[in-house]
Structure formats: C-alpha cells, structure tokens
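Undergrad: One structure, pasted below without further comment.
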Amino acid sequence: MGIDLKAGGRRTGHKSSMKSIKTHNPYKRLLIKLYKFLYRRTGSPFCKTITKRLHMSKVNAPALSLSRLANNMKNKDGKTAVIVGKITDDVRMLEVPKLSVCALGYTENAKKRILAAGGECISFDQLALRAPKGGNTVLLRGPMDREALKHFGHRTSVNNPHTHTHVKPFVRSKGRKFEKARGRRKSCGFKV
C-alpha cells in the first residue's frame, strides 16, 4: 500500500524566497523587483546574481570590513565594488584608499572614512542607472565563518577515516575524557 501523496505528502506553505519575497524591507523589495526586471530584459548574469543575493537571509549576506574590501580592490582602479550586504569599519586599518563602493548599507564610520579618502558610497538603484549590466564592477562577498558551519559535513568512520577530516564534533567538553580515545589515538583503533 502506497502513500496518498495528494492527501498527506505535499509540502504546502513552503514557497522558496525566489518565488515569494520573504523580506518586509520595502527598499529591498523594490531592489529585487528592479534587478529581476533587469535580468529578464538584459539576460545579464550580474543581475541574476544580485537578484539571488538580495533574496538571501541576513546570515547568508555577511558584512564585509573595509580592510578586506581594500585588499580585494587592489589594482582595480576605476572599478566599483559591489557588495550585497553591509560595509563595516576596521579600526586596524590606518589609511583607506580611494574606493567606489555600492552596498546595501554602511556603518557610520565606514561611510565617513570612504568619503574622506575621496571615494564614493552609492546605492543599488544608483548602480542600476550607472551599470545596468554590471560593467566595470567587482562583485564581492563577506566571509561566511559562523561557528555553526564548522560542524557541517559527515563524521569520520573506521571504513573511511578521512571523508571530512576537519568536521568539528559536537562535544560536551574539551577535556581528557571527551572524545579523545577511539578515532583520536593510534593506540585506540585508528587516528584521524
């Protein structure tokens, strides 16, 4: 006897955010409309990527610091850095180079420092007028380094001890008695 998929197997009420916009931010909603339209009319892969990233949750659109931004923009004079996320200040960086940046948001100090260096901070609607197909731009992303990501992947086993060697286990404590024997020492079975 099979499962009546019609009756109880459909996953209803779970539309992907690419079909229905989840955010309530009116500015972001308008940007999604704008870049969706631009992609439909131009077929530009840049517009497609921007649309996809605008749909992403806050966790998947991490902020980018000024120092990382400056490093990525070395030897790229006259190009605009595009970040679907926020630009944050980095106090360790003493001098900010002249940068042309387009982002969803800026911290107060980051914006001040970019403008003081003779750079510019533009928004996505301004970028759409300037470079509708994303010409002369550099698309950047913030670092995805949440602690939770370290635990993702398969655990190791005797049969294949090196499938995902660097997957962090969920351990109650980091002491001598906790996950330090089999699989962690040659003398106890195997060592990963």
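A note on labels: chains of the structure tokens are A, B, ... as shown, every chain counts residues from 1, and ligands are counted from 1 in their shown order.
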Just list as an MDAnalysis selection string whatever in range 39-173 of chain A DSSP marks as alpha helix (DSSP H).
TA: chainID A and resid 39:42 45:55 66:72 108:116 124:130
Undergrad: Counting only C-alpha atoms, what is within 6 Å of range 55-71 of chain A, bar same-chain residues fewer than 5 positions away, as number ranges by chain?
TA: A: 85-90, 142
Undergrad: Give me, as a Markdown table, the closest atom pair and its distance (Å, one decimal) for every residue of range 44-110 of chain A within a cut-off of 12 Å of range 21-33 of chain A, counting only C-alpha atoms, rows sorted by chain and rising number.
TA:
```
| residue | atom | partner | partner_atom | distance |
| --- | --- | --- | --- | --- |
| A:Cys47 | CA | A:Ile32 | CA | 9.9 |
| A:Lys48 | CA | A:Ile32 | CA | 10.2 |
| A:Thr49 | CA | A:Ile32 | CA | 11.1 |
| A:Ile50 | CA | A:Ile32 | CA | 8.4 |
| A:Thr51 | CA | A:Ile32 | CA | 5.7 |
| A:Lys52 | CA | A:Ile32 | CA | 8.7 |
| A:Arg53 | CA | A:Ile32 | CA | 9.4 |
| A:Leu54 | CA | A:Ile32 | CA | 6.4 |
| A:His55 | CA | A:Ile21 | CA | 7.0 |
| A:Met56 | CA | A:Lys22 | CA | 9.2 |
| A:Ser57 | CA | A:Thr23 | CA | 8.4 |
| A:Lys58 | CA | A:Thr23 | CA | 10.0 |
| A:Val84 | CA | A:Lys28 | CA | 10.5 |
| A:Gly85 | CA | A:Lys28 | CA | 11.1 |
| A:Ala103 | CA | A:Lys28 | CA | 11.8 |
| A:Leu104 | CA | A:Lys28 | CA | 8.5 |
| A:Gly105 | CA | A:Lys28 | CA | 11.2 |
```
Undergrad: Of the candidates A:Val192, A:Ala110, A:Val167, A:Val101, which shows the shortest atom-to-atom distance to Asn136 in chain A, using only C-alpha atoms?
TA: A:Val101
Undergrad: Write out as number ranges by chain each polymer residue whose atoms come within 9 Å of Lys133 in chain A, counting only C-alpha atoms; drop sequence neighbours fewer than 4 positions from it.
TA: A: 38-39, 42-47, 128
Undergrad: Mind writing the picked residues with all heavy atoms as a tab-separated table (two decimals), in the first residue's frame?
TA:
```tsv
chain	number	residue	atom	x	y	z
A	38	LEU	N	15.68	43.82	-14.69
A	38	LEU	CA	16.91	43.99	-15.47
A	38	LEU	C	17.43	42.67	-16.01
A	38	LEU	O	17.88	42.58	-17.15
A	38	LEU	CB	17.99	44.67	-14.63
A	38	LEU	CG	17.86	46.18	-14.43
A	38	LEU	CD1	18.90	46.68	-13.46
A	38	LEU	CD2	17.99	46.93	-15.75
A	39	TYR	N	17.35	41.62	-15.17
A	39	TYR	CA	17.82	40.31	-15.63
A	39	TYR	C	16.93	39.78	-16.75
A	39	TYR	O	17.41	39.25	-17.74
A	39	TYR	CB	17.86	39.30	-14.47
A	39	TYR	CG	18.10	37.89	-14.94
A	39	TYR	CD1	19.26	37.57	-15.63
A	39	TYR	CD2	17.15	36.89	-14.77
A	39	TYR	CE1	19.49	36.28	-16.10
A	39	TYR	CE2	17.36	35.61	-15.23
A	39	TYR	CZ	18.53	35.31	-15.89
A	39	TYR	OH	18.75	34.05	-16.38
A	42	THR	N	17.71	41.99	-19.92
A	42	THR	CA	19.08	42.01	-20.47
A	42	THR	C	19.72	40.63	-20.50
A	42	THR	O	20.65	40.40	-21.28
A	42	THR	CB	20.00	42.94	-19.65
A	42	THR	OG1	20.09	42.43	-18.31
A	42	THR	CG2	19.50	44.35	-19.62
A	43	GLY	N	19.26	39.73	-19.64
A	43	GLY	CA	19.88	38.40	-19.56
A	43	GLY	C	21.25	38.44	-18.90
A	43	GLY	O	22.03	37.50	-19.03
A	44	SER	N	21.55	39.52	-18.21
A	44	SER	CA	22.87	39.69	-17.60
A	44	SER	C	23.06	38.77	-16.40
A	44	SER	O	22.26	38.78	-15.47
A	44	SER	CB	23.03	41.14	-17.16
A	44	SER	OG	23.96	41.25	-16.13
A	45	PRO	N	24.16	37.98	-16.39
A	45	PRO	CA	24.42	37.10	-15.25
A	45	PRO	C	24.67	37.90	-13.96
A	45	PRO	O	24.40	37.43	-12.86
A	45	PRO	CB	25.67	36.32	-15.64
A	45	PRO	CG	26.09	36.79	-16.96
A	45	PRO	CD	25.13	37.81	-17.46
A	46	PHE	N	25.18	39.12	-14.10
A	46	PHE	CA	25.41	40.00	-12.95
A	46	PHE	C	24.09	40.30	-12.25
A	46	PHE	O	23.97	40.17	-11.02
A	46	PHE	CB	26.08	41.30	-13.41
A	46	PHE	CG	26.20	42.37	-12.35
A	46	PHE	CD1	27.23	42.33	-11.43
A	46	PHE	CD2	25.28	43.41	-12.28
A	46	PHE	CE1	27.35	43.31	-10.45
A	46	PHE	CE2	25.38	44.38	-11.30
A	46	PHE	CZ	26.42	44.33	-10.39
A	47	CYS	N	23.08	40.67	-13.02
A	47	CYS	CA	21.75	40.99	-12.46
A	47	CYS	C	21.12	39.76	-11.82
A	47	CYS	O	20.45	39.86	-10.78
A	47	CYS	CB	20.83	41.54	-13.54
A	47	CYS	SG	21.36	43.15	-14.14
A	128	ALA	N	22.21	50.70	-10.75
A	128	ALA	CA	21.38	50.23	-11.87
A	128	ALA	C	21.36	51.25	-13.01
A	128	ALA	O	21.31	50.88	-14.18
A	128	ALA	CB	19.97	49.96	-11.39
```
Undergrad: Apply DSSP to the backbone of this structure and, from range 21-143 of chain A, keep only the residues in strand (DSSP E); write these as a ChimeraX atom specification.
TA: /A:64-65,80-88,100-106,120-122,137-140
Undergrad: Record the distance separating CA of Leu94 in chain A and CA of Val138 in chain A, expressed in Å with one decimal.
TA: 23.4 Å
Undergrad: Counting only C-alpha atoms, figure out which residue out of A:Cys102, A:Arg182, A:Arg92, A:Phe190 gets nearest to Thr137 in chain A.
TA: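 When distances to Thr137 in chain A are compared using only C-alpha atoms, the smallest one comes from A:Cys102.
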Undergrad: In Å, rounded to a single decimal, give me how far CA of Ala117 in chain A is from CA of Asp77 in chain A.
TA: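 Taking CA of Asp77 in chain A as the start and CA of Ala117 in chain A as the end point, the length is 14.2 Å.
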Undergrad: Give me, please, the distance in Å between CA of Lys168 in chain A and CA of Phe152 in chain A, quoted to one decimal.
TA: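 Computed distance, CA of Lys168 in chain A to CA of Phe152 in chain A, equals 7.7 Å.
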